file work35.txt (compact mmCIF, N, CA and C atoms)
# COMPACT_ATOMS: atom_id res chain seq x y z
N MET A 106 0.85 -1.16 0.00
CA MET A 106 0.00 0.00 0.00
C MET A 106 0.90 1.23 0.00
N TYR A 107 0.52 2.20 -0.84
CA TYR A 107 1.28 3.44 -0.93
C TYR A 107 0.69 4.48 0.00
N ARG A 108 1.55 5.26 0.57
CA ARG A 108 1.09 6.36 1.40
C ARG A 108 1.23 7.65 0.59
N THR A 109 0.22 8.44 0.65
CA THR A 109 0.27 9.73 -0.03
C THR A 109 0.25 10.83 1.02
N ALA A 110 1.02 11.84 0.75
CA ALA A 110 1.04 12.96 1.68
C ALA A 110 -0.20 13.80 1.45
N LYS A 111 -0.77 14.30 2.51
CA LYS A 111 -1.94 15.16 2.39
C LYS A 111 -1.49 16.56 2.02
N MET A 112 -2.23 17.15 1.07
CA MET A 112 -1.92 18.51 0.66
C MET A 112 -2.59 19.47 1.62
N PRO A 113 -1.93 20.58 1.93
CA PRO A 113 -2.59 21.59 2.75
C PRO A 113 -3.81 22.13 2.01
N PRO A 114 -4.85 22.55 2.72
CA PRO A 114 -6.08 23.04 2.07
C PRO A 114 -5.83 24.19 1.10
N VAL A 115 -4.87 25.03 1.38
CA VAL A 115 -4.60 26.16 0.49
C VAL A 115 -4.11 25.66 -0.86
N LEU A 116 -3.23 24.66 -0.87
CA LEU A 116 -2.73 24.12 -2.14
C LEU A 116 -3.84 23.41 -2.91
N CYS A 117 -4.73 22.74 -2.21
CA CYS A 117 -5.88 22.10 -2.88
C CYS A 117 -6.74 23.15 -3.57
N LEU A 118 -6.97 24.27 -2.89
CA LEU A 118 -7.79 25.33 -3.46
C LEU A 118 -7.11 25.94 -4.68
N VAL A 119 -5.81 26.17 -4.61
CA VAL A 119 -5.06 26.71 -5.75
C VAL A 119 -5.11 25.75 -6.93
N ALA A 120 -4.92 24.46 -6.68
CA ALA A 120 -4.98 23.46 -7.75
C ALA A 120 -6.36 23.43 -8.40
N LEU A 121 -7.40 23.53 -7.59
CA LEU A 121 -8.76 23.54 -8.11
C LEU A 121 -9.01 24.76 -8.99
N ILE A 122 -8.56 25.92 -8.54
CA ILE A 122 -8.76 27.15 -9.31
C ILE A 122 -8.01 27.07 -10.64
N LEU A 123 -6.79 26.58 -10.62
CA LEU A 123 -6.01 26.46 -11.86
C LEU A 123 -6.67 25.49 -12.84
N THR A 124 -7.20 24.39 -12.31
CA THR A 124 -7.87 23.42 -13.16
C THR A 124 -9.13 24.00 -13.79
N LEU A 125 -9.93 24.68 -12.99
CA LEU A 125 -11.17 25.26 -13.50
C LEU A 125 -10.89 26.37 -14.51
N SER A 126 -9.89 27.19 -14.26
CA SER A 126 -9.59 28.27 -15.22
C SER A 126 -9.06 27.71 -16.53
N ALA A 127 -8.32 26.62 -16.49
CA ALA A 127 -7.82 26.01 -17.72
C ALA A 127 -8.97 25.41 -18.52
N ASN A 128 -9.96 24.81 -17.84
CA ASN A 128 -11.09 24.21 -18.53
C ASN A 128 -12.04 25.26 -19.08
N SER A 129 -12.16 26.41 -18.43
CA SER A 129 -13.09 27.43 -18.90
C SER A 129 -12.59 28.10 -20.17
N GLN A 130 -11.30 28.01 -20.45
CA GLN A 130 -10.76 28.62 -21.65
C GLN A 130 -10.70 27.64 -22.81
N ALA A 131 -11.23 26.46 -22.63
CA ALA A 131 -11.21 25.46 -23.71
C ALA A 131 -12.07 25.95 -24.86
N GLN A 132 -11.64 25.66 -26.06
CA GLN A 132 -12.36 26.08 -27.25
C GLN A 132 -13.50 25.11 -27.51
N THR A 133 -14.70 25.65 -27.75
CA THR A 133 -15.86 24.80 -27.96
C THR A 133 -16.28 24.73 -29.41
N GLY A 134 -15.91 25.69 -30.23
CA GLY A 134 -16.31 25.72 -31.62
C GLY A 134 -15.26 25.11 -32.52
N PRO A 135 -15.31 25.47 -33.81
CA PRO A 135 -14.32 24.94 -34.74
C PRO A 135 -12.96 25.56 -34.47
N PRO A 136 -11.89 24.95 -34.94
CA PRO A 136 -10.57 25.51 -34.70
C PRO A 136 -10.41 26.87 -35.37
N VAL A 137 -9.77 27.78 -34.67
CA VAL A 137 -9.51 29.11 -35.19
C VAL A 137 -8.01 29.28 -35.31
N PHE A 138 -7.53 29.70 -36.47
CA PHE A 138 -6.11 29.84 -36.71
C PHE A 138 -5.76 31.32 -36.65
N ARG A 139 -4.81 31.64 -35.78
CA ARG A 139 -4.48 33.03 -35.54
C ARG A 139 -3.15 33.46 -36.14
N SER A 140 -2.33 32.55 -36.59
CA SER A 140 -1.03 32.96 -37.11
C SER A 140 -0.66 32.09 -38.31
N PRO A 141 0.23 32.60 -39.16
CA PRO A 141 0.68 31.81 -40.30
C PRO A 141 1.41 30.54 -39.89
N ALA A 142 1.91 30.50 -38.66
CA ALA A 142 2.60 29.30 -38.19
C ALA A 142 1.65 28.11 -38.10
N ASP A 143 0.36 28.39 -37.96
CA ASP A 143 -0.62 27.32 -37.87
C ASP A 143 -1.08 26.82 -39.25
N ALA A 144 -0.52 27.35 -40.31
CA ALA A 144 -0.97 27.00 -41.65
C ALA A 144 -0.82 25.51 -41.94
N GLY A 145 0.18 24.87 -41.37
CA GLY A 145 0.36 23.43 -41.58
C GLY A 145 -0.78 22.61 -41.01
N ARG A 146 -1.39 23.12 -39.95
CA ARG A 146 -2.50 22.41 -39.34
C ARG A 146 -3.83 22.70 -40.03
N THR A 147 -3.86 23.71 -40.88
CA THR A 147 -5.10 24.10 -41.53
C THR A 147 -5.71 22.96 -42.31
N ASN A 148 -4.91 22.25 -43.09
CA ASN A 148 -5.43 21.16 -43.91
C ASN A 148 -5.98 20.04 -43.06
N ARG A 149 -5.42 19.84 -41.88
CA ARG A 149 -5.90 18.78 -41.01
C ARG A 149 -7.26 19.13 -40.40
N TYR A 150 -7.49 20.41 -40.08
CA TYR A 150 -8.74 20.81 -39.43
C TYR A 150 -9.81 21.28 -40.40
N ARG A 151 -9.45 21.54 -41.65
CA ARG A 151 -10.40 22.08 -42.60
C ARG A 151 -11.64 21.21 -42.78
N PRO A 152 -11.54 19.87 -42.89
CA PRO A 152 -12.77 19.08 -43.03
C PRO A 152 -13.73 19.26 -41.84
N ASN A 153 -13.19 19.37 -40.63
CA ASN A 153 -14.06 19.60 -39.47
C ASN A 153 -14.72 20.96 -39.54
N LEU A 154 -13.97 21.98 -39.95
CA LEU A 154 -14.50 23.33 -40.08
C LEU A 154 -15.59 23.37 -41.14
N ILE A 155 -15.37 22.70 -42.25
CA ILE A 155 -16.37 22.68 -43.32
C ILE A 155 -17.64 21.98 -42.85
N ARG A 156 -17.50 20.85 -42.17
CA ARG A 156 -18.70 20.15 -41.64
C ARG A 156 -19.44 21.03 -40.65
N TYR A 157 -18.72 21.72 -39.80
CA TYR A 157 -19.32 22.61 -38.81
C TYR A 157 -20.08 23.74 -39.51
N ASN A 158 -19.47 24.36 -40.51
CA ASN A 158 -20.13 25.45 -41.24
C ASN A 158 -21.35 24.96 -42.00
N GLU A 159 -21.23 23.80 -42.63
CA GLU A 159 -22.37 23.27 -43.39
C GLU A 159 -23.53 22.90 -42.47
N ALA A 160 -23.24 22.36 -41.31
CA ALA A 160 -24.31 22.05 -40.35
C ALA A 160 -24.99 23.34 -39.89
N GLY A 161 -24.21 24.38 -39.68
CA GLY A 161 -24.79 25.67 -39.29
C GLY A 161 -25.67 26.25 -40.38
N ALA A 162 -25.24 26.14 -41.63
CA ALA A 162 -26.02 26.66 -42.74
C ALA A 162 -27.32 25.85 -42.90
N PHE A 163 -27.22 24.54 -42.73
CA PHE A 163 -28.41 23.70 -42.82
C PHE A 163 -29.42 24.07 -41.73
N ASN A 164 -28.93 24.28 -40.51
CA ASN A 164 -29.83 24.69 -39.42
C ASN A 164 -30.42 26.07 -39.68
N ALA A 165 -29.65 26.96 -40.28
CA ALA A 165 -30.16 28.28 -40.62
C ALA A 165 -31.28 28.18 -41.65
N MET A 166 -31.18 27.22 -42.57
CA MET A 166 -32.26 27.04 -43.55
C MET A 166 -33.56 26.63 -42.87
N HIS A 167 -33.46 25.77 -41.85
CA HIS A 167 -34.65 25.41 -41.07
C HIS A 167 -35.21 26.64 -40.37
N THR A 168 -34.34 27.50 -39.88
CA THR A 168 -34.78 28.73 -39.23
C THR A 168 -35.52 29.61 -40.21
N PHE A 169 -35.03 29.72 -41.44
CA PHE A 169 -35.69 30.53 -42.46
C PHE A 169 -37.08 29.98 -42.79
N VAL A 170 -37.20 28.67 -42.89
CA VAL A 170 -38.50 28.06 -43.21
C VAL A 170 -39.52 28.40 -42.11
N ALA A 171 -39.11 28.24 -40.86
CA ALA A 171 -40.01 28.54 -39.74
C ALA A 171 -40.34 30.03 -39.69
N ALA A 172 -39.34 30.88 -39.91
CA ALA A 172 -39.56 32.32 -39.86
C ALA A 172 -40.50 32.77 -40.97
N GLN A 173 -40.34 32.20 -42.16
CA GLN A 173 -41.21 32.57 -43.28
C GLN A 173 -42.66 32.15 -43.01
N ALA A 174 -42.83 30.97 -42.42
CA ALA A 174 -44.19 30.51 -42.11
C ALA A 174 -44.86 31.43 -41.10
N VAL A 175 -44.13 31.84 -40.08
CA VAL A 175 -44.69 32.74 -39.07
C VAL A 175 -44.98 34.10 -39.68
N TYR A 176 -44.05 34.61 -40.47
CA TYR A 176 -44.23 35.94 -41.09
C TYR A 176 -45.44 35.94 -42.02
N GLN A 177 -45.62 34.87 -42.78
CA GLN A 177 -46.72 34.82 -43.75
C GLN A 177 -48.08 34.89 -43.07
N VAL A 178 -48.24 34.20 -41.96
CA VAL A 178 -49.57 34.17 -41.31
C VAL A 178 -49.79 35.34 -40.36
N THR A 179 -48.75 36.09 -40.05
CA THR A 179 -48.93 37.23 -39.14
C THR A 179 -48.76 38.54 -39.88
N THR A 180 -47.59 39.09 -39.89
CA THR A 180 -47.32 40.41 -40.45
C THR A 180 -47.43 40.44 -41.97
N GLY A 181 -47.08 39.38 -42.63
CA GLY A 181 -47.03 39.36 -44.10
C GLY A 181 -48.37 39.35 -44.77
N ASN A 182 -49.45 39.01 -44.09
CA ASN A 182 -50.79 38.95 -44.69
C ASN A 182 -50.80 38.12 -45.97
N GLY A 183 -50.18 36.95 -45.92
CA GLY A 183 -50.17 36.05 -47.06
C GLY A 183 -48.90 36.10 -47.89
N SER A 184 -48.04 37.10 -47.67
CA SER A 184 -46.78 37.22 -48.40
C SER A 184 -45.63 36.84 -47.49
N TYR A 185 -44.53 36.44 -48.10
CA TYR A 185 -43.33 36.10 -47.36
C TYR A 185 -42.46 37.33 -47.19
N GLY A 186 -41.48 37.25 -46.30
CA GLY A 186 -40.66 38.41 -45.98
C GLY A 186 -39.24 38.31 -46.49
N THR A 187 -38.63 39.47 -46.67
CA THR A 187 -37.22 39.56 -47.05
C THR A 187 -36.36 39.38 -45.79
N LEU A 188 -35.05 39.34 -45.98
CA LEU A 188 -34.16 39.23 -44.82
C LEU A 188 -34.38 40.37 -43.84
N ALA A 189 -34.49 41.59 -44.36
CA ALA A 189 -34.68 42.76 -43.49
C ALA A 189 -36.01 42.68 -42.74
N GLU A 190 -37.07 42.28 -43.42
CA GLU A 190 -38.39 42.19 -42.78
C GLU A 190 -38.41 41.11 -41.71
N LEU A 191 -37.78 39.97 -41.98
CA LEU A 191 -37.73 38.90 -40.99
C LEU A 191 -36.92 39.33 -39.77
N SER A 192 -35.84 40.06 -40.01
CA SER A 192 -35.01 40.54 -38.91
C SER A 192 -35.75 41.59 -38.08
N GLN A 193 -36.47 42.50 -38.74
CA GLN A 193 -37.23 43.53 -38.02
C GLN A 193 -38.28 42.91 -37.09
N GLN A 194 -38.87 41.82 -37.51
CA GLN A 194 -39.89 41.16 -36.69
C GLN A 194 -39.28 40.28 -35.61
N GLY A 195 -37.97 40.13 -35.62
CA GLY A 195 -37.30 39.32 -34.61
C GLY A 195 -37.40 37.82 -34.88
N LEU A 196 -37.67 37.46 -36.12
CA LEU A 196 -37.81 36.04 -36.46
C LEU A 196 -36.49 35.37 -36.79
N ILE A 197 -35.48 36.16 -37.17
CA ILE A 197 -34.14 35.64 -37.42
C ILE A 197 -33.13 36.54 -36.73
N ARG A 198 -31.95 35.99 -36.48
CA ARG A 198 -30.86 36.79 -35.89
C ARG A 198 -30.36 37.79 -36.92
N PRO A 199 -30.02 39.00 -36.49
CA PRO A 199 -29.47 39.98 -37.43
C PRO A 199 -28.17 39.51 -38.09
N GLY A 200 -27.44 38.62 -37.44
CA GLY A 200 -26.20 38.10 -38.01
C GLY A 200 -26.41 37.31 -39.29
N LEU A 201 -27.59 36.75 -39.48
CA LEU A 201 -27.85 35.98 -40.71
C LEU A 201 -27.90 36.88 -41.94
N ILE A 202 -28.19 38.14 -41.76
CA ILE A 202 -28.23 39.06 -42.90
C ILE A 202 -26.83 39.23 -43.47
N LYS A 203 -25.84 39.32 -42.60
CA LYS A 203 -24.45 39.52 -43.04
C LYS A 203 -23.77 38.20 -43.39
N GLY A 204 -24.35 37.10 -43.01
CA GLY A 204 -23.74 35.80 -43.22
C GLY A 204 -23.34 35.19 -41.90
N SER A 205 -23.35 33.89 -41.84
CA SER A 205 -23.06 33.22 -40.59
C SER A 205 -22.26 31.96 -40.86
N ARG A 206 -21.24 31.71 -40.01
CA ARG A 206 -20.44 30.49 -40.09
C ARG A 206 -19.91 30.20 -41.48
N GLY A 207 -19.42 31.22 -42.14
CA GLY A 207 -18.79 31.01 -43.44
C GLY A 207 -19.75 30.92 -44.61
N TYR A 208 -21.03 31.22 -44.39
CA TYR A 208 -22.03 31.16 -45.46
C TYR A 208 -22.71 32.50 -45.63
N LEU A 209 -23.12 32.78 -46.86
CA LEU A 209 -23.91 33.97 -47.18
C LEU A 209 -25.31 33.52 -47.56
N PHE A 210 -26.34 34.26 -47.14
CA PHE A 210 -27.72 33.89 -47.39
C PHE A 210 -28.40 34.97 -48.24
N ARG A 211 -29.20 34.51 -49.20
CA ARG A 211 -29.98 35.42 -50.05
C ARG A 211 -31.42 34.89 -50.10
N ILE A 212 -32.36 35.83 -50.06
CA ILE A 212 -33.78 35.47 -50.17
C ILE A 212 -34.36 36.21 -51.36
N ARG A 213 -35.08 35.47 -52.19
CA ARG A 213 -35.86 36.07 -53.27
C ARG A 213 -37.32 35.85 -52.94
N VAL A 214 -38.08 36.94 -52.90
CA VAL A 214 -39.48 36.88 -52.49
C VAL A 214 -40.37 37.34 -53.63
N GLU A 215 -41.42 36.59 -53.88
CA GLU A 215 -42.47 36.96 -54.83
C GLU A 215 -43.70 37.26 -53.99
N LYS A 216 -44.13 38.51 -53.97
CA LYS A 216 -45.26 38.92 -53.14
C LYS A 216 -46.57 38.39 -53.70
N PHE A 217 -47.54 38.26 -52.83
CA PHE A 217 -48.88 37.78 -53.18
C PHE A 217 -49.56 38.78 -54.11
N SER A 218 -50.17 38.27 -55.17
CA SER A 218 -50.94 39.12 -56.08
C SER A 218 -52.14 38.33 -56.58
N SER A 219 -53.02 39.00 -57.30
CA SER A 219 -54.20 38.32 -57.82
C SER A 219 -53.83 37.31 -58.91
N GLU A 220 -52.66 37.46 -59.51
CA GLU A 220 -52.24 36.58 -60.59
C GLU A 220 -51.39 35.41 -60.13
N SER A 221 -50.72 35.55 -58.97
CA SER A 221 -49.85 34.46 -58.52
C SER A 221 -49.78 34.43 -56.99
N PRO A 222 -49.63 33.23 -56.46
CA PRO A 222 -49.48 33.13 -55.00
C PRO A 222 -48.07 33.60 -54.60
N SER A 223 -47.91 33.87 -53.33
CA SER A 223 -46.59 34.31 -52.87
C SER A 223 -45.63 33.12 -52.83
N SER A 224 -44.36 33.40 -52.98
CA SER A 224 -43.34 32.36 -52.94
C SER A 224 -42.02 32.98 -52.48
N TYR A 225 -41.11 32.11 -52.09
CA TYR A 225 -39.78 32.57 -51.70
C TYR A 225 -38.76 31.49 -52.00
N GLU A 226 -37.52 31.90 -52.12
CA GLU A 226 -36.39 31.00 -52.25
C GLU A 226 -35.28 31.52 -51.35
N VAL A 227 -34.66 30.65 -50.61
CA VAL A 227 -33.50 31.00 -49.80
C VAL A 227 -32.32 30.22 -50.34
N LEU A 228 -31.23 30.92 -50.57
CA LEU A 228 -30.01 30.30 -51.08
C LEU A 228 -28.88 30.58 -50.10
N ALA A 229 -28.14 29.54 -49.75
CA ALA A 229 -26.96 29.67 -48.88
C ALA A 229 -25.75 29.19 -49.66
N VAL A 230 -24.76 30.06 -49.80
CA VAL A 230 -23.53 29.70 -50.51
C VAL A 230 -22.33 29.98 -49.61
N PRO A 231 -21.30 29.13 -49.69
CA PRO A 231 -20.10 29.38 -48.87
C PRO A 231 -19.41 30.67 -49.29
N ARG A 232 -18.80 31.34 -48.32
CA ARG A 232 -18.04 32.55 -48.64
C ARG A 232 -16.89 32.21 -49.58
N LYS A 233 -16.20 31.08 -49.32
CA LYS A 233 -15.10 30.61 -50.16
C LYS A 233 -15.27 29.11 -50.34
N TYR A 234 -15.60 28.69 -51.56
CA TYR A 234 -15.78 27.27 -51.82
C TYR A 234 -14.51 26.50 -51.50
N GLY A 235 -14.69 25.37 -50.81
CA GLY A 235 -13.57 24.52 -50.45
C GLY A 235 -12.88 24.93 -49.17
N ILE A 236 -13.12 26.15 -48.69
CA ILE A 236 -12.48 26.60 -47.45
C ILE A 236 -13.51 26.73 -46.34
N THR A 237 -14.61 27.44 -46.59
CA THR A 237 -15.65 27.57 -45.56
C THR A 237 -16.81 26.61 -45.79
N GLY A 238 -16.88 26.00 -46.95
CA GLY A 238 -17.93 25.04 -47.24
C GLY A 238 -17.77 24.47 -48.63
N ARG A 239 -18.38 23.32 -48.86
CA ARG A 239 -18.33 22.68 -50.19
C ARG A 239 -19.68 22.64 -50.87
N ARG A 240 -20.74 22.74 -50.07
CA ARG A 240 -22.09 22.61 -50.63
C ARG A 240 -22.87 23.92 -50.50
N SER A 241 -23.77 24.15 -51.45
CA SER A 241 -24.73 25.24 -51.38
C SER A 241 -26.07 24.63 -51.01
N PHE A 242 -26.92 25.43 -50.38
CA PHE A 242 -28.23 24.95 -49.94
C PHE A 242 -29.31 25.83 -50.52
N HIS A 243 -30.46 25.21 -50.81
CA HIS A 243 -31.61 25.91 -51.38
C HIS A 243 -32.87 25.39 -50.71
N VAL A 244 -33.78 26.30 -50.41
CA VAL A 244 -35.09 25.91 -49.88
C VAL A 244 -36.11 26.91 -50.41
N ASN A 245 -37.33 26.43 -50.62
CA ASN A 245 -38.41 27.32 -51.03
C ASN A 245 -39.63 27.08 -50.15
N GLU A 246 -40.78 27.57 -50.59
CA GLU A 246 -41.99 27.51 -49.75
C GLU A 246 -42.45 26.08 -49.45
N THR A 247 -41.94 25.10 -50.18
CA THR A 247 -42.31 23.71 -49.89
C THR A 247 -41.63 23.22 -48.60
N GLY A 248 -40.53 23.87 -48.21
CA GLY A 248 -39.81 23.49 -47.00
C GLY A 248 -38.76 22.41 -47.20
N ARG A 249 -38.59 21.96 -48.44
CA ARG A 249 -37.61 20.91 -48.74
C ARG A 249 -36.25 21.54 -48.99
N ILE A 250 -35.27 21.18 -48.19
CA ILE A 250 -33.91 21.72 -48.31
C ILE A 250 -33.12 20.83 -49.26
N VAL A 251 -32.49 21.45 -50.25
CA VAL A 251 -31.71 20.74 -51.24
C VAL A 251 -30.27 21.22 -51.13
N ALA A 252 -29.33 20.29 -51.15
CA ALA A 252 -27.90 20.62 -51.10
C ALA A 252 -27.25 20.17 -52.39
N ALA A 253 -26.32 20.96 -52.87
CA ALA A 253 -25.60 20.60 -54.09
C ALA A 253 -24.16 21.03 -53.97

call {"tool": "encode", "arguments": {"input": "work35.txt", "output": "structure tokens"}}
result
Amino acid sequence: MYRTAKMPPVLCLVALILTLSANSQAQTGPPVFRSPADAGRTNRYRPNLIRYNEAGAFNAMHTFVAAQAVYQVTTGNGSYGTLAELSQQGLIRPGLIKGSRGYLFRIRVEKFSSESPSSYEVLAVPRKYGITGRRSFHVNETGRIVAA
């Protein structure tokens, strides 16, 4: 049987604080490269970053479908909303207008008229193909998300 020396309470407290502070600074998102020295690691982490960005864009498309449905039955009076209109109503984050997680989003809206029903299309494209994403996403009023 091994005997271990007991640590004084002050040292235990210091060890606990150091451990907790090290864990609180852990990175939770995709890897972020801050210097050219990390360029060698870029190729190793790029597939993870691309998957992370694509998952975020896919989730954003679901957000757009839900936001358009709410906008149509409330403020839109049968018509769908643009990015600015959806943001003004608080249905989407303002960050989606500028792009999120390496993707840019565009909405094309056809307003309701006596000749045609209202419709919309949302397109998500990577900021840089092959670096921030490999696939583009499309969804319309049917709610079916298509990736290519």

call {"tool": "axis_aligned_box", "arguments": {"input": "work35.txt", "around": "range 217-227 of chain A", "padding_each_side": "4 Å", "output": "JSON"}}
result
{"center_x": -43.3, "center_y": 34.7, "center_z": -55.2, "size_x": 29.9, "size_y": 16.9, "size_z": 18.8}

call {"tool": "select_by_dssp", "arguments": {"input": "work35.txt", "residues": "range 147-238 of chain A", "states": "strand (DSSP E or B)", "output": "ChimeraX atom specification"}}
result
/A:205,208-215,224-231,234,238

call {"tool": "closest_residue", "arguments": {"input": "work35.txt", "among": "A:Ala252, A:Pro152, A:Ile236, A:Asn182", "to": "Phe217 in chain A", "atoms": "only N, CA and C atoms"}}
result
A:Asn182

call {"tool": "atom_distance", "arguments": {"input": "work35.txt", "atom1": "atom C of Gly204 in chain A", "atom2": "atom C of Gly238 in chain A"}}
result
13.8 Å

call {"tool": "closest_residue", "arguments": {"input": "work35.txt", "among": "A:Thr237, A:Asn164, A:Ser192, A:Ser184", "to": "Ser223 in chain A", "atoms": "only C-alpha atoms"}}
result
A:Ser184

call {"tool": "closest_residue", "arguments": {"input": "work35.txt", "among": "A:His167, A:Arg198, A:Lys216, A:His243", "to": "Gly186 in chain A", "atoms": "only N, CA and C atoms"}}
result
A:Lys216

call {"tool": "atom_distance", "arguments": {"input": "work35.txt", "atom1": "CA of Thr168 in chain A", "atom2": "CA of Val214 in chain A"}}
result
16.3 Å

call {"tool": "residues_around", "arguments": {"input": "work35.txt", "residues": "range 176-180 of chain A", "least_positions_apart": "6", "cutoff": "10 Å", "atoms": "only C-alpha atoms", "output": "PyMOL selection string"}}
result
chain A and resi 170+186-187+190-191+194+196+223

call {"tool": "write_last_selection", "arguments": {"input": "work35.txt", "atoms": "N, CA and C atoms", "output": "PDB file, in the coordinates of the input"}}
result
ATOM      1  N   VAL A 170     -37.200  28.670 -42.890  1.00  0.00           N
ATOM      2  CA  VAL A 170     -38.500  28.060 -43.210  1.00  0.00           C
ATOM      3  C   VAL A 170     -39.520  28.400 -42.110  1.00  0.00           C
ATOM      4  N   GLY A 186     -41.480  37.250 -46.300  1.00  0.00           N
ATOM      5  CA  GLY A 186     -40.660  38.410 -45.980  1.00  0.00           C
ATOM      6  C   GLY A 186     -39.240  38.310 -46.490  1.00  0.00           C
ATOM      7  N   THR A 187     -38.630  39.470 -46.670  1.00  0.00           N
ATOM      8  CA  THR A 187     -37.220  39.560 -47.050  1.00  0.00           C
ATOM      9  C   THR A 187     -36.360  39.380 -45.790  1.00  0.00           C
ATOM     10  N   GLU A 190     -37.070  42.280 -43.420  1.00  0.00           N
ATOM     11  CA  GLU A 190     -38.390  42.190 -42.780  1.00  0.00           C
ATOM     12  C   GLU A 190     -38.410  41.110 -41.710  1.00  0.00           C
ATOM     13  N   LEU A 191     -37.780  39.970 -41.980  1.00  0.00           N
ATOM     14  CA  LEU A 191     -37.730  38.900 -40.990  1.00  0.00           C
ATOM     15  C   LEU A 191     -36.920  39.330 -39.770  1.00  0.00           C
ATOM     16  N   GLN A 194     -38.870  41.820 -37.510  1.00  0.00           N
ATOM     17  CA  GLN A 194     -39.890  41.160 -36.690  1.00  0.00           C
ATOM     18  C   GLN A 194     -39.280  40.280 -35.610  1.00  0.00           C
ATOM     19  N   LEU A 196     -37.670  37.460 -36.120  1.00  0.00           N
ATOM     20  CA  LEU A 196     -37.810  36.040 -36.460  1.00  0.00           C
ATOM     21  C   LEU A 196     -36.490  35.370 -36.790  1.00  0.00           C
ATOM     22  N   SER A 223     -47.910  33.870 -53.330  1.00  0.00           N
ATOM     23  CA  SER A 223     -46.590  34.310 -52.870  1.00  0.00           C
ATOM     24  C   SER A 223     -45.630  33.120 -52.830  1.00  0.00           C
TER      25      SER A 223
END

call {"tool": "atom_distance", "arguments": {"input": "work35.txt", "atom1": "atom C of Gly200 in chain A", "atom2": "atom C of Glu246 in chain A"}}
result
22.1 Å

call {"tool": "select_by_dssp", "arguments": {"input": "work35.txt", "residues": "range 152-253 of chain A", "states": "alpha helix (DSSP H)", "output": "PyMOL selection string"}}
result
chain A and resi 152-178+188-193+200-203
